[in-house]
file query35.pdb (PDB, C-alpha atoms, pLDDT in the B column)
ATOM      1  CA  MET Z   1      12.968 -31.327 -23.414  1.00 94.00           C
ATOM      2  CA  LYS Z   2      14.513 -29.821 -26.533  1.00 97.00           C
ATOM      3  CA  LEU Z   3      14.852 -26.096 -27.174  1.00 98.00           C
ATOM      4  CA  PHE Z   4      14.282 -24.690 -30.670  1.00 98.00           C
ATOM      5  CA  ALA Z   5      14.231 -21.154 -32.079  1.00 98.00           C
ATOM      6  CA  ILE Z   6      12.972 -19.186 -35.059  1.00 98.00           C
ATOM      7  CA  SER Z   7      12.118 -15.525 -35.614  1.00 98.00           C
ATOM      8  CA  ASP Z   8      10.652 -12.988 -38.028  1.00 96.00           C
ATOM      9  CA  LEU Z   9       7.703 -15.094 -39.155  1.00 96.00           C
ATOM     10  CA  HIS Z  10       5.999 -11.947 -40.529  1.00 95.00           C
ATOM     11  CA  LEU Z  11       2.567 -13.577 -40.670  1.00 95.00           C
ATOM     12  CA  SER Z  12      -0.388 -11.743 -42.202  1.00 89.00           C
ATOM     13  CA  GLY Z  13      -3.438 -13.885 -41.509  1.00 81.00           C
ATOM     14  CA  VAL Z  14      -5.820 -10.920 -41.455  1.00 80.00           C
ATOM     15  CA  THR Z  15      -3.682  -8.271 -43.136  1.00 75.00           C
ATOM     16  CA  ASP Z  16      -2.804  -7.929 -46.802  1.00 69.00           C
ATOM     17  CA  LYS Z  17       0.965  -8.062 -46.707  1.00 70.00           C
ATOM     18  CA  PRO Z  18       2.277 -11.219 -48.388  1.00 65.00           C
ATOM     19  CA  MET Z  19       5.993 -11.825 -47.926  1.00 67.00           C
ATOM     20  CA  ASN Z  20       6.591 -13.161 -51.431  1.00 57.00           C
ATOM     21  CA  VAL Z  21       7.106  -9.560 -52.555  1.00 50.00           C
ATOM     22  CA  PHE Z  22      10.553  -9.998 -50.960  1.00 59.00           C
ATOM     23  CA  GLY Z  23      11.402 -12.990 -53.140  1.00 64.00           C
ATOM     24  CA  SER Z  24       9.972 -16.258 -54.386  1.00 65.00           C
ATOM     25  CA  GLY Z  25      11.503 -18.123 -51.449  1.00 75.00           C
ATOM     26  CA  TRP Z  26       8.851 -16.565 -49.224  1.00 81.00           C
ATOM     27  CA  GLU Z  27       6.044 -18.176 -51.236  1.00 85.00           C
ATOM     28  CA  GLY Z  28       4.002 -20.271 -48.791  1.00 87.00           C
ATOM     29  CA  HIS Z  29       6.609 -19.668 -46.097  1.00 91.00           C
ATOM     30  CA  PHE Z  30       4.354 -20.393 -43.119  1.00 95.00           C
ATOM     31  CA  GLU Z  31       3.421 -23.761 -44.574  1.00 95.00           C
ATOM     32  CA  LYS Z  32       7.125 -24.571 -44.838  1.00 96.00           C
ATOM     33  CA  ILE Z  33       7.667 -23.516 -41.227  1.00 97.00           C
ATOM     34  CA  LYS Z  34       4.710 -25.515 -39.971  1.00 97.00           C
ATOM     35  CA  SER Z  35       5.814 -28.653 -41.787  1.00 97.00           C
ATOM     36  CA  ASP Z  36       9.320 -28.489 -40.333  1.00 97.00           C
ATOM     37  CA  TRP Z  37       8.012 -27.512 -36.887  1.00 97.00           C
ATOM     38  CA  GLN Z  38       5.568 -30.404 -36.612  1.00 97.00           C
ATOM     39  CA  ALA Z  39       8.221 -32.886 -37.771  1.00 97.00           C
ATOM     40  CA  LYS Z  40      10.822 -31.759 -35.212  1.00 97.00           C
ATOM     41  CA  VAL Z  41       8.960 -30.607 -32.123  1.00 98.00           C
ATOM     42  CA  SER Z  42       7.209 -32.670 -29.464  1.00 97.00           C
ATOM     43  CA  ASP Z  43       4.626 -31.391 -27.006  1.00 96.00           C
ATOM     44  CA  ASP Z  44       7.303 -31.395 -24.294  1.00 97.00           C
ATOM     45  CA  ASP Z  45       9.674 -29.166 -26.290  1.00 98.00           C
ATOM     46  CA  THR Z  46       9.906 -25.357 -26.304  1.00 98.00           C
ATOM     47  CA  VAL Z  47      10.206 -22.988 -29.263  1.00 98.00           C
ATOM     48  CA  LEU Z  48      11.581 -19.450 -28.835  1.00 98.00           C
ATOM     49  CA  ILE Z  49      10.212 -16.873 -31.301  1.00 98.00           C
ATOM     50  CA  GLY Z  50      12.400 -13.789 -31.580  1.00 98.00           C
ATOM     51  CA  GLY Z  51       9.985 -11.076 -32.657  1.00 96.00           C
ATOM     52  CA  ASP Z  52       8.256  -9.764 -35.777  1.00 96.00           C
ATOM     53  CA  THR Z  53       5.632 -12.481 -35.520  1.00 97.00           C
ATOM     54  CA  SER Z  54       2.800 -10.585 -37.228  1.00 96.00           C
ATOM     55  CA  TRP Z  55       2.242  -7.693 -39.621  1.00 94.00           C
ATOM     56  CA  GLY Z  56      -0.972  -6.914 -37.733  1.00 94.00           C
ATOM     57  CA  MET Z  57      -1.406  -3.338 -36.551  1.00 95.00           C
ATOM     58  CA  LYS Z  58      -4.180  -3.991 -34.028  1.00 96.00           C
ATOM     59  CA  LEU Z  59      -4.030  -6.371 -31.065  1.00 97.00           C
ATOM     60  CA  GLU Z  60      -6.586  -8.822 -32.435  1.00 96.00           C
ATOM     61  CA  GLU Z  61      -4.800  -8.912 -35.794  1.00 96.00           C
ATOM     62  CA  GLY Z  62      -1.534  -9.866 -34.136  1.00 97.00           C
ATOM     63  CA  LEU Z  63      -3.196 -12.343 -31.798  1.00 97.00           C
ATOM     64  CA  PHE Z  64      -4.815 -14.062 -34.782  1.00 97.00           C
ATOM     65  CA  ASP Z  65      -1.340 -14.928 -36.053  1.00 97.00           C
ATOM     66  CA  VAL Z  66      -0.065 -15.819 -32.586  1.00 98.00           C
ATOM     67  CA  ARG Z  67      -2.955 -18.262 -32.181  1.00 97.00           C
ATOM     68  CA  GLU Z  68      -2.039 -19.900 -35.478  1.00 97.00           C
ATOM     69  CA  VAL Z  69       1.446 -20.487 -34.091  1.00 98.00           C
ATOM     70  CA  ALA Z  70      -0.063 -21.669 -30.799  1.00 97.00           C
ATOM     71  CA  ARG Z  71      -1.754 -24.553 -32.640  1.00 97.00           C
ATOM     72  CA  LEU Z  72       1.655 -26.091 -33.332  1.00 98.00           C
ATOM     73  CA  LYS Z  73       3.438 -28.510 -31.014  1.00 98.00           C
ATOM     74  CA  GLY Z  74       5.366 -27.490 -27.925  1.00 98.00           C
ATOM     75  CA  ARG Z  75       5.489 -24.444 -25.670  1.00 98.00           C
ATOM     76  CA  LYS Z  76       5.952 -21.072 -27.360  1.00 98.00           C
ATOM     77  CA  VAL Z  77       7.896 -18.125 -25.945  1.00 98.00           C
ATOM     78  CA  PHE Z  78       7.691 -14.748 -27.720  1.00 98.00           C
ATOM     79  CA  VAL Z  79       9.442 -11.378 -27.551  1.00 98.00           C
ATOM     80  CA  ARG Z  80       8.424  -8.245 -29.399  1.00 98.00           C
ATOM     81  CA  GLY Z  81      10.027  -7.199 -32.687  1.00 97.00           C
ATOM     82  CA  ASN Z  82      10.223  -3.763 -34.272  1.00 95.00           C
ATOM     83  CA  HIS Z  83       7.274  -4.585 -36.582  1.00 95.00           C
ATOM     84  CA  ASP Z  84       5.021  -6.017 -33.860  1.00 97.00           C
ATOM     85  CA  TYR Z  85       2.897  -2.867 -33.656  1.00 96.00           C
ATOM     86  CA  TRP Z  86      -0.056  -4.951 -32.430  1.00 97.00           C
ATOM     87  CA  TRP Z  87       1.875  -5.707 -29.199  1.00 96.00           C
ATOM     88  CA  SER Z  88       0.482  -2.928 -27.033  1.00 89.00           C
ATOM     89  CA  GLY Z  89       0.348  -3.541 -23.302  1.00 91.00           C
ATOM     90  CA  ILE Z  90       1.848  -6.794 -22.044  1.00 96.00           C
ATOM     91  CA  SER Z  91      -1.189  -7.640 -19.880  1.00 96.00           C
ATOM     92  CA  ARG Z  92      -3.513  -7.451 -22.881  1.00 96.00           C
ATOM     93  CA  VAL Z  93      -1.159  -9.535 -24.993  1.00 97.00           C
ATOM     94  CA  ARG Z  94      -0.862 -12.228 -22.328  1.00 97.00           C
ATOM     95  CA  SER Z  95      -4.590 -12.402 -21.659  1.00 96.00           C
ATOM     96  CA  GLY Z  96      -5.270 -12.691 -25.398  1.00 95.00           C
ATOM     97  CA  ALA Z  97      -3.167 -15.842 -25.793  1.00 96.00           C
ATOM     98  CA  PRO Z  98      -2.866 -17.445 -22.329  1.00 95.00           C
ATOM     99  CA  ASP Z  99      -1.430 -20.674 -23.712  1.00 95.00           C
ATOM    100  CA  CYS Z 100       1.703 -18.820 -24.892  1.00 98.00           C
ATOM    101  CA  ILE Z 101       4.510 -17.090 -22.966  1.00 98.00           C
ATOM    102  CA  PHE Z 102       5.347 -13.453 -23.727  1.00 98.00           C
ATOM    103  CA  LEU Z 103       8.516 -11.903 -22.326  1.00 98.00           C
ATOM    104  CA  GLN Z 104       8.951  -8.185 -21.833  1.00 96.00           C
ATOM    105  CA  ASN Z 105      11.884  -7.204 -19.621  1.00 94.00           C
ATOM    106  CA  ASP Z 106      11.394 -10.369 -17.569  1.00 97.00           C
ATOM    107  CA  CYS Z 107      12.026 -14.103 -17.685  1.00 98.00           C
ATOM    108  CA  VAL Z 108      10.546 -17.575 -17.451  1.00 98.00           C
ATOM    109  CA  LYS Z 109      11.958 -20.900 -16.256  1.00 98.00           C
ATOM    110  CA  ILE Z 110      11.257 -23.993 -18.356  1.00 98.00           C
ATOM    111  CA  GLY Z 111      13.064 -27.125 -17.269  1.00 96.00           C
ATOM    112  CA  LYS Z 112      16.729 -26.287 -16.819  1.00 97.00           C
ATOM    113  CA  TYR Z 113      16.463 -23.136 -18.951  1.00 98.00           C
ATOM    114  CA  VAL Z 114      15.865 -19.654 -17.557  1.00 98.00           C
ATOM    115  CA  ILE Z 115      14.927 -17.492 -20.543  1.00 98.00           C
ATOM    116  CA  ALA Z 116      15.291 -13.710 -20.211  1.00 98.00           C
ATOM    117  CA  GLY Z 117      13.704 -11.564 -22.886  1.00 97.00           C
ATOM    118  CA  SER Z 118      13.489  -8.036 -24.256  1.00 96.00           C
ATOM    119  CA  ARG Z 119      13.490  -6.462 -27.708  1.00 97.00           C
ATOM    120  CA  GLY Z 120      16.996  -4.986 -27.811  1.00 97.00           C
ATOM    121  CA  TRP Z 121      17.936  -2.227 -30.228  1.00 97.00           C
ATOM    122  CA  THR Z 122      20.397  -1.242 -32.953  1.00 95.00           C
ATOM    123  CA  CYS Z 123      23.920  -1.169 -31.528  1.00 95.00           C
ATOM    124  CA  PRO Z 124      26.691   1.440 -31.886  1.00 94.00           C
ATOM    125  CA  GLY Z 125      28.926   0.681 -34.830  1.00 90.00           C
ATOM    126  CA  SER Z 126      26.033  -0.560 -36.976  1.00 88.00           C
ATOM    127  CA  ALA Z 127      25.682   1.167 -40.330  1.00 84.00           C
ATOM    128  CA  ASP Z 128      22.235   2.561 -39.509  1.00 85.00           C
ATOM    129  CA  PHE Z 129      22.980   3.703 -35.930  1.00 90.00           C
ATOM    130  CA  THR Z 130      22.068   7.351 -35.290  1.00 91.00           C
ATOM    131  CA  GLU Z 131      22.054   9.737 -32.344  1.00 89.00           C
ATOM    132  CA  HIS Z 132      18.353   8.969 -31.874  1.00 91.00           C
ATOM    133  CA  ASP Z 133      19.168   5.270 -31.473  1.00 95.00           C
ATOM    134  CA  MET Z 134      21.436   5.928 -28.490  1.00 96.00           C
ATOM    135  CA  THR Z 135      18.503   6.709 -26.186  1.00 95.00           C
ATOM    136  CA  LEU Z 136      16.688   3.522 -27.130  1.00 96.00           C
ATOM    137  CA  TYR Z 137      19.862   1.451 -26.968  1.00 97.00           C
ATOM    138  CA  LEU Z 138      20.504   2.633 -23.390  1.00 97.00           C
ATOM    139  CA  ARG Z 139      16.870   2.032 -22.463  1.00 96.00           C
ATOM    140  CA  GLU Z 140      16.924  -1.532 -23.777  1.00 97.00           C
ATOM    141  CA  ALA Z 141      20.126  -2.283 -21.889  1.00 97.00           C
ATOM    142  CA  GLU Z 142      18.360  -1.171 -18.713  1.00 97.00           C
ATOM    143  CA  ARG Z 143      15.419  -3.403 -19.557  1.00 97.00           C
ATOM    144  CA  PHE Z 144      17.755  -6.367 -19.785  1.00 97.00           C
ATOM    145  CA  ARG Z 145      19.121  -5.483 -16.357  1.00 97.00           C
ATOM    146  CA  LEU Z 146      15.549  -5.720 -15.075  1.00 97.00           C
ATOM    147  CA  ALA Z 147      15.106  -9.088 -16.780  1.00 97.00           C
ATOM    148  CA  PHE Z 148      18.272 -10.427 -15.174  1.00 98.00           C
ATOM    149  CA  LYS Z 149      17.159  -9.239 -11.734  1.00 97.00           C
ATOM    150  CA  GLU Z 150      14.097 -11.424 -12.168  1.00 96.00           C
ATOM    151  CA  ALA Z 151      16.214 -14.294 -13.474  1.00 97.00           C
ATOM    152  CA  GLU Z 152      18.463 -14.194 -10.423  1.00 96.00           C
ATOM    153  CA  LYS Z 153      15.431 -14.925  -8.248  1.00 96.00           C
ATOM    154  CA  ILE Z 154      14.733 -18.259  -9.921  1.00 97.00           C
ATOM    155  CA  LEU Z 155      18.138 -19.498 -11.127  1.00 96.00           C
ATOM    156  CA  THR Z 156      19.351 -22.616  -9.355  1.00 96.00           C
ATOM    157  CA  GLU Z 157      22.483 -24.729  -9.722  1.00 95.00           C
ATOM    158  CA  GLY Z 158      22.624 -26.473 -13.077  1.00 95.00           C
ATOM    159  CA  ASP Z 159      20.276 -24.031 -14.833  1.00 97.00           C
ATOM    160  CA  GLU Z 160      21.240 -22.474 -18.151  1.00 98.00           C
ATOM    161  CA  LEU Z 161      20.564 -18.759 -18.725  1.00 98.00           C
ATOM    162  CA  VAL Z 162      19.329 -18.014 -22.251  1.00 98.00           C
ATOM    163  CA  VAL Z 163      18.492 -14.636 -23.814  1.00 98.00           C
ATOM    164  CA  LEU Z 164      15.708 -14.149 -26.350  1.00 98.00           C
ATOM    165  CA  MET Z 165      15.756 -10.801 -28.178  1.00 98.00           C
ATOM    166  CA  HIS Z 166      14.890  -9.356 -31.576  1.00 98.00           C
ATOM    167  CA  TYR Z 167      17.779  -7.104 -32.612  1.00 97.00           C
ATOM    168  CA  PRO Z 168      21.370  -8.325 -33.039  1.00 96.00           C
ATOM    169  CA  PRO Z 169      23.195  -7.633 -29.743  1.00 97.00           C
ATOM    170  CA  MET Z 170      26.348  -6.386 -31.499  1.00 95.00           C
ATOM    171  CA  ASN Z 171      27.504  -5.096 -34.853  1.00 92.00           C
ATOM    172  CA  VAL Z 172      29.036  -7.255 -37.570  1.00 88.00           C
ATOM    173  CA  LYS Z 173      32.542  -6.550 -36.226  1.00 90.00           C
ATOM    174  CA  LYS Z 174      31.473  -8.257 -32.944  1.00 92.00           C
ATOM    175  CA  GLU Z 175      32.517  -5.195 -30.959  1.00 95.00           C
ATOM    176  CA  ASP Z 176      31.571  -5.019 -27.288  1.00 97.00           C
ATOM    177  CA  THR Z 177      28.185  -3.492 -26.494  1.00 97.00           C
ATOM    178  CA  LEU Z 178      26.210  -2.930 -23.315  1.00 98.00           C
ATOM    179  CA  PHE Z 179      24.284  -6.068 -24.260  1.00 98.00           C
ATOM    180  CA  THR Z 180      27.290  -8.354 -24.735  1.00 98.00           C
ATOM    181  CA  GLU Z 181      28.997  -7.042 -21.610  1.00 98.00           C
ATOM    182  CA  LEU Z 182      25.855  -7.648 -19.587  1.00 98.00           C
ATOM    183  CA  PHE Z 183      25.401 -11.143 -21.021  1.00 98.00           C
ATOM    184  CA  GLU Z 184      28.964 -12.071 -20.122  1.00 98.00           C
ATOM    185  CA  GLU Z 185      28.631 -10.575 -16.633  1.00 98.00           C
ATOM    186  CA  LYS Z 186      25.446 -12.521 -15.916  1.00 97.00           C
ATOM    187  CA  GLY Z 187      26.709 -15.851 -17.239  1.00 97.00           C
ATOM    188  CA  VAL Z 188      24.404 -16.135 -20.246  1.00 98.00           C
ATOM    189  CA  LYS Z 189      25.091 -19.274 -22.283  1.00 97.00           C
ATOM    190  CA  LYS Z 190      23.069 -18.659 -25.450  1.00 98.00           C
ATOM    191  CA  VAL Z 191      21.516 -15.630 -27.166  1.00 98.00           C
ATOM    192  CA  ILE Z 192      18.788 -15.937 -29.814  1.00 98.00           C
ATOM    193  CA  PHE Z 193      17.958 -13.004 -32.108  1.00 98.00           C
ATOM    194  CA  GLY Z 194      16.590 -12.179 -35.556  1.00 97.00           C
ATOM    195  CA  HIS Z 195      15.731  -8.952 -37.403  1.00 95.00           C
ATOM    196  CA  LEU Z 196      18.204  -9.484 -40.263  1.00 91.00           C
ATOM    197  CA  HIS Z 197      16.994 -10.651 -43.685  1.00 87.00           C
ATOM    198  CA  GLY Z 198      18.292 -11.444 -47.136  1.00 76.00           C
ATOM    199  CA  ALA Z 199      21.874 -11.892 -48.205  1.00 68.00           C
ATOM    200  CA  GLY Z 200      24.371 -10.752 -45.602  1.00 72.00           C
ATOM    201  CA  TYR Z 201      27.532 -11.514 -43.754  1.00 77.00           C
ATOM    202  CA  TYR Z 202      26.248 -11.902 -40.181  1.00 86.00           C
ATOM    203  CA  PRO Z 203      26.859 -15.573 -39.254  1.00 90.00           C
ATOM    204  CA  LEU Z 204      24.015 -17.867 -38.265  1.00 94.00           C
ATOM    205  CA  LYS Z 205      26.055 -18.969 -35.271  1.00 95.00           C
ATOM    206  CA  SER Z 206      28.961 -17.243 -33.563  1.00 94.00           C
ATOM    207  CA  GLU Z 207      30.754 -17.150 -30.217  1.00 95.00           C
ATOM    208  CA  LYS Z 208      32.090 -14.257 -28.184  1.00 95.00           C
ATOM    209  CA  ASN Z 209      33.771 -14.625 -24.794  1.00 96.00           C
ATOM    210  CA  GLY Z 210      32.022 -17.877 -23.995  1.00 97.00           C
ATOM    211  CA  VAL Z 211      28.525 -16.841 -25.136  1.00 98.00           C
ATOM    212  CA  GLU Z 212      26.937 -18.497 -28.187  1.00 98.00           C
ATOM    213  CA  TYR Z 213      24.887 -16.288 -30.529  1.00 98.00           C
ATOM    214  CA  PHE Z 214      22.212 -17.651 -32.898  1.00 98.00           C
ATOM    215  CA  LEU Z 215      20.690 -15.671 -35.778  1.00 97.00           C
ATOM    216  CA  THR Z 216      17.268 -17.267 -36.367  1.00 97.00           C
ATOM    217  CA  SER Z 217      15.441 -15.135 -38.962  1.00 96.00           C
ATOM    218  CA  CYS Z 218      13.297 -17.703 -40.740  1.00 95.00           C
ATOM    219  CA  ASP Z 219      14.440 -16.883 -44.281  1.00 92.00           C
ATOM    220  CA  LYS Z 220      18.067 -17.245 -43.176  1.00 92.00           C
ATOM    221  CA  LEU Z 221      17.210 -20.745 -41.935  1.00 93.00           C
ATOM    222  CA  HIS Z 222      15.275 -21.713 -45.092  1.00 93.00           C
ATOM    223  CA  PHE Z 223      12.079 -21.605 -43.024  1.00 95.00           C
ATOM    224  CA  ALA Z 224      13.163 -24.289 -40.598  1.00 97.00           C
ATOM    225  CA  LEU Z 225      13.638 -24.280 -36.831  1.00 98.00           C
ATOM    226  CA  THR Z 226      17.129 -24.437 -35.396  1.00 97.00           C
ATOM    227  CA  GLN Z 227      17.808 -26.535 -32.307  1.00 97.00           C
ATOM    228  CA  ILE Z 228      19.417 -24.546 -29.505  1.00 96.00           C
ATOM    229  CA  GLY Z 229      19.492 -27.141 -26.737  1.00 94.00           C
TER
END
call {"tool": "encode", "arguments": {"input": "query35.pdb", "output": "structure tokens"}}
result
Amino acid sequence: MKLFAISDLHLSGVTDKPMNVFGSGWEGHFEKIKSDWQAKVSDDDTVLIGGDTSWGMKLEEGLFDVREVARLKGRKVFVRGNHDYWWSGISRVRSGAPDCIFLQNDCVKIGKYVIAGSRGWTCPGSADFTEHDMTLYLREAERFRLAFKEAEKILTEGDELVVLMHYPPMNVKKEDTLFTELFEEKGVKKVIFGHLHGAGYYPLKSEKNGVEYFLTSCDKLHFALTQIG
């Protein structure tokens, strides 16, 4: 089994919000993603999707886009992004697309991979971090602690602990955060995240204290999946 990742698909199957307003590269972006996806992925592989899947505001609008992704090859694992307003109530989300996996402060084991997921939040030291963000940052760190408690119940020797989140887990200076400290403490091997778009200086792949970090926003990857494992 291979492990792939991509994030920030920003689909709008039943909403009027085309992404090409952010640049010509977004023209037909889902077709580009689908073409690359179907060429790379087998039915036995798994794709991690790091949030901001749909512009939908209502549950059925978001699930419409999720079901379009579900038609593609492989297993699909989702976490919520800051624009996934349709994601309201994890039970309703899961029942609406039972052939997909949705993580919210918990985990799933697929092959040798134990994947722990939560949204994350803006970290201290980021340019847009405010006093209001501190409360949410602390809350998301606690949610990851809950996810790791669940992961500890199913981890066995030889498994690889992977984190799927939406926000970057540290600022561009790679300073320690509650997220990175927790990942190192729990023995996480790889962290997948998105949220960032356009030109920027956050690397697509980096390493900090033995943990590999992968930025997988689809425009950063030229609308192609990246192989994680």
call {"tool": "atom_distance", "arguments": {"input": "query35.pdb", "atom1": "atom CA of Ser12 of chain Z", "atom2": "atom CA of Arg139 of chain Z"}}
result
29.6 Å
call {"tool": "atom_distance", "arguments": {"input": "query35.pdb", "atom1": "atom CA of Lys73 of chain Z", "atom2": "atom CA of Gly158 of chain Z"}}
result
26.3 Å
call {"tool": "atom_distance", "arguments": {"input": "query35.pdb", "atom1": "atom CA of Lys17 of chain Z", "atom2": "atom CA of Ile90 of chain Z"}}
result
24.7 Å
call {"tool": "residues_around", "arguments": {"input": "query35.pdb", "residues": "segment 214-218 of chain Z", "least_positions_apart": "5", "cutoff": "6 Å", "atoms": "all atoms listed in the file", "output": "list in words"}}
result
Ile6, Ser7, Asp8, Ile192, Phe193, Gly194, Leu204, Lys205 and Phe223 of chain Z
call {"tool": "closest_residue", "arguments": {"input": "query35.pdb", "among": "Z:Lys34, Z:Lys76, Z:His83, Z:Arg145", "to": "Met57 of chain Z", "atoms": "all atoms listed in the file"}}
result
Z:His83
call {"tool": "residues_around", "arguments": {"input": "query35.pdb", "residues": "Tyr113 of chain Z", "least_positions_apart": "3", "cutoff": "9 Å", "atoms": "all atoms listed in the file", "output": "PyMOL selection string"}}
result
chain Z and resi 3+108-110+155+159-162
call {"tool": "residues_around", "arguments": {"input": "query35.pdb", "residues": "segment 120-133 of chain Z", "least_positions_apart": "5", "cutoff": "12 Å", "atoms": "only C-alpha atoms", "output": "JSON, numbers by chain"}}
result
{"Z": [50, 51, 79, 80, 81, 82, 104, 105, 138, 139, 140, 141, 142, 143, 144, 145, 147, 163, 164, 165, 166, 167, 168, 169, 170, 171, 172, 173, 174, 175, 176, 177, 178, 179, 180, 191, 192, 193, 194, 195, 196, 202]}
call {"tool": "closest_residue", "arguments": {"input": "query35.pdb", "among": "Z:Asp65, Z:Asp106, Z:Glu60, Z:Asp219", "to": "Arg92 of chain Z", "atoms": "all atoms listed in the file"}}
result
Z:Glu60
call {"tool": "decode", "arguments": {"input": "query35.pdb", "residues": "segment 197-204 of chain Z", "atoms": "all heavy atoms", "output": "JSON list (two decimals), in the first residue's frame"}}
result
[["chain", "number", "residue", "atom", "x", "y", "z"],
["Z", 197, "HIS", "N", -1.22, 29.08, 0.46],
["Z", 197, "HIS", "CA", -1.41, 29.18, -0.99],
["Z", 197, "HIS", "C", -0.48, 30.23, -1.58],
["Z", 197, "HIS", "O", 0.09, 31.05, -0.87],
["Z", 197, "HIS", "CB", -2.85, 29.57, -1.31],
["Z", 197, "HIS", "CG", -3.86, 28.53, -0.95],
["Z", 197, "HIS", "ND1", -3.98, 27.35, -1.61],
["Z", 197, "HIS", "CD2", -4.78, 28.51, 0.05],
["Z", 197, "HIS", "CE1", -4.96, 26.63, -1.07],
["Z", 197, "HIS", "NE2", -5.44, 27.32, -0.05],
["Z", 198, "GLY", "N", -0.36, 30.17, -2.91],
["Z", 198, "GLY", "CA", 0.38, 31.19, -3.63],
["Z", 198, "GLY", "C", 1.88, 31.14, -3.37],
["Z", 198, "GLY", "O", 2.41, 30.19, -2.81],
["Z", 199, "ALA", "N", 2.54, 32.20, -3.82],
["Z", 199, "ALA", "CA", 3.99, 32.29, -3.64],
["Z", 199, "ALA", "C", 4.30, 32.42, -2.15],
["Z", 199, "ALA", "O", 3.60, 33.09, -1.40],
["Z", 199, "ALA", "CB", 4.55, 33.47, -4.41],
["Z", 200, "GLY", "N", 5.35, 31.76, -1.72],
["Z", 200, "GLY", "CA", 5.71, 31.83, -0.30],
["Z", 200, "GLY", "C", 7.00, 31.10, -0.05],
["Z", 200, "GLY", "O", 7.57, 30.48, -0.94],
["Z", 201, "TYR", "N", 7.45, 31.18, 1.18],
["Z", 201, "TYR", "CA", 8.76, 30.65, 1.50],
["Z", 201, "TYR", "C", 8.69, 29.49, 2.49],
["Z", 201, "TYR", "O", 9.68, 29.13, 3.11],
["Z", 201, "TYR", "CB", 9.64, 31.77, 2.08],
["Z", 201, "TYR", "CG", 8.91, 32.73, 3.00],
["Z", 201, "TYR", "CD1", 8.71, 32.42, 4.34],
["Z", 201, "TYR", "CD2", 8.43, 33.93, 2.50],
["Z", 201, "TYR", "CE1", 8.03, 33.28, 5.17],
["Z", 201, "TYR", "CE2", 7.75, 34.81, 3.33],
["Z", 201, "TYR", "CZ", 7.55, 34.48, 4.67],
["Z", 201, "TYR", "OH", 6.88, 35.34, 5.49],
["Z", 202, "TYR", "N", 7.49, 28.91, 2.67],
["Z", 202, "TYR", "CA", 7.37, 27.72, 3.51],
["Z", 202, "TYR", "C", 7.71, 26.52, 2.64],
["Z", 202, "TYR", "O", 7.09, 26.31, 1.60],
["Z", 202, "TYR", "CB", 5.95, 27.59, 4.05],
["Z", 202, "TYR", "CG", 5.86, 26.90, 5.39],
["Z", 202, "TYR", "CD1", 5.46, 27.58, 6.53],
["Z", 202, "TYR", "CD2", 6.17, 25.55, 5.52],
["Z", 202, "TYR", "CE1", 5.37, 26.95, 7.77],
["Z", 202, "TYR", "CE2", 6.09, 24.91, 6.74],
["Z", 202, "TYR", "CZ", 5.69, 25.61, 7.86],
["Z", 202, "TYR", "OH", 5.61, 24.97, 9.07],
["Z", 203, "PRO", "N", 8.67, 25.68, 3.00],
["Z", 203, "PRO", "CA", 9.10, 24.59, 2.11],
["Z", 203, "PRO", "C", 8.05, 23.51, 1.96],
["Z", 203, "PRO", "O", 7.24, 23.27, 2.87],
["Z", 203, "PRO", "CB", 10.34, 24.04, 2.82],
["Z", 203, "PRO", "CG", 10.14, 24.38, 4.26],
["Z", 203, "PRO", "CD", 9.42, 25.70, 4.27],
["Z", 204, "LEU", "N", 8.04, 22.85, 0.82],
["Z", 204, "LEU", "CA", 7.13, 21.74, 0.60],
["Z", 204, "LEU", "C", 7.46, 20.56, 1.52],
["Z", 204, "LEU", "O", 6.57, 19.83, 1.94],
["Z", 204, "LEU", "CB", 7.18, 21.28, -0.85],
["Z", 204, "LEU", "CG", 6.63, 22.25, -1.90],
["Z", 204, "LEU", "CD1", 6.82, 21.68, -3.29],
["Z", 204, "LEU", "CD2", 5.17, 22.55, -1.64]]
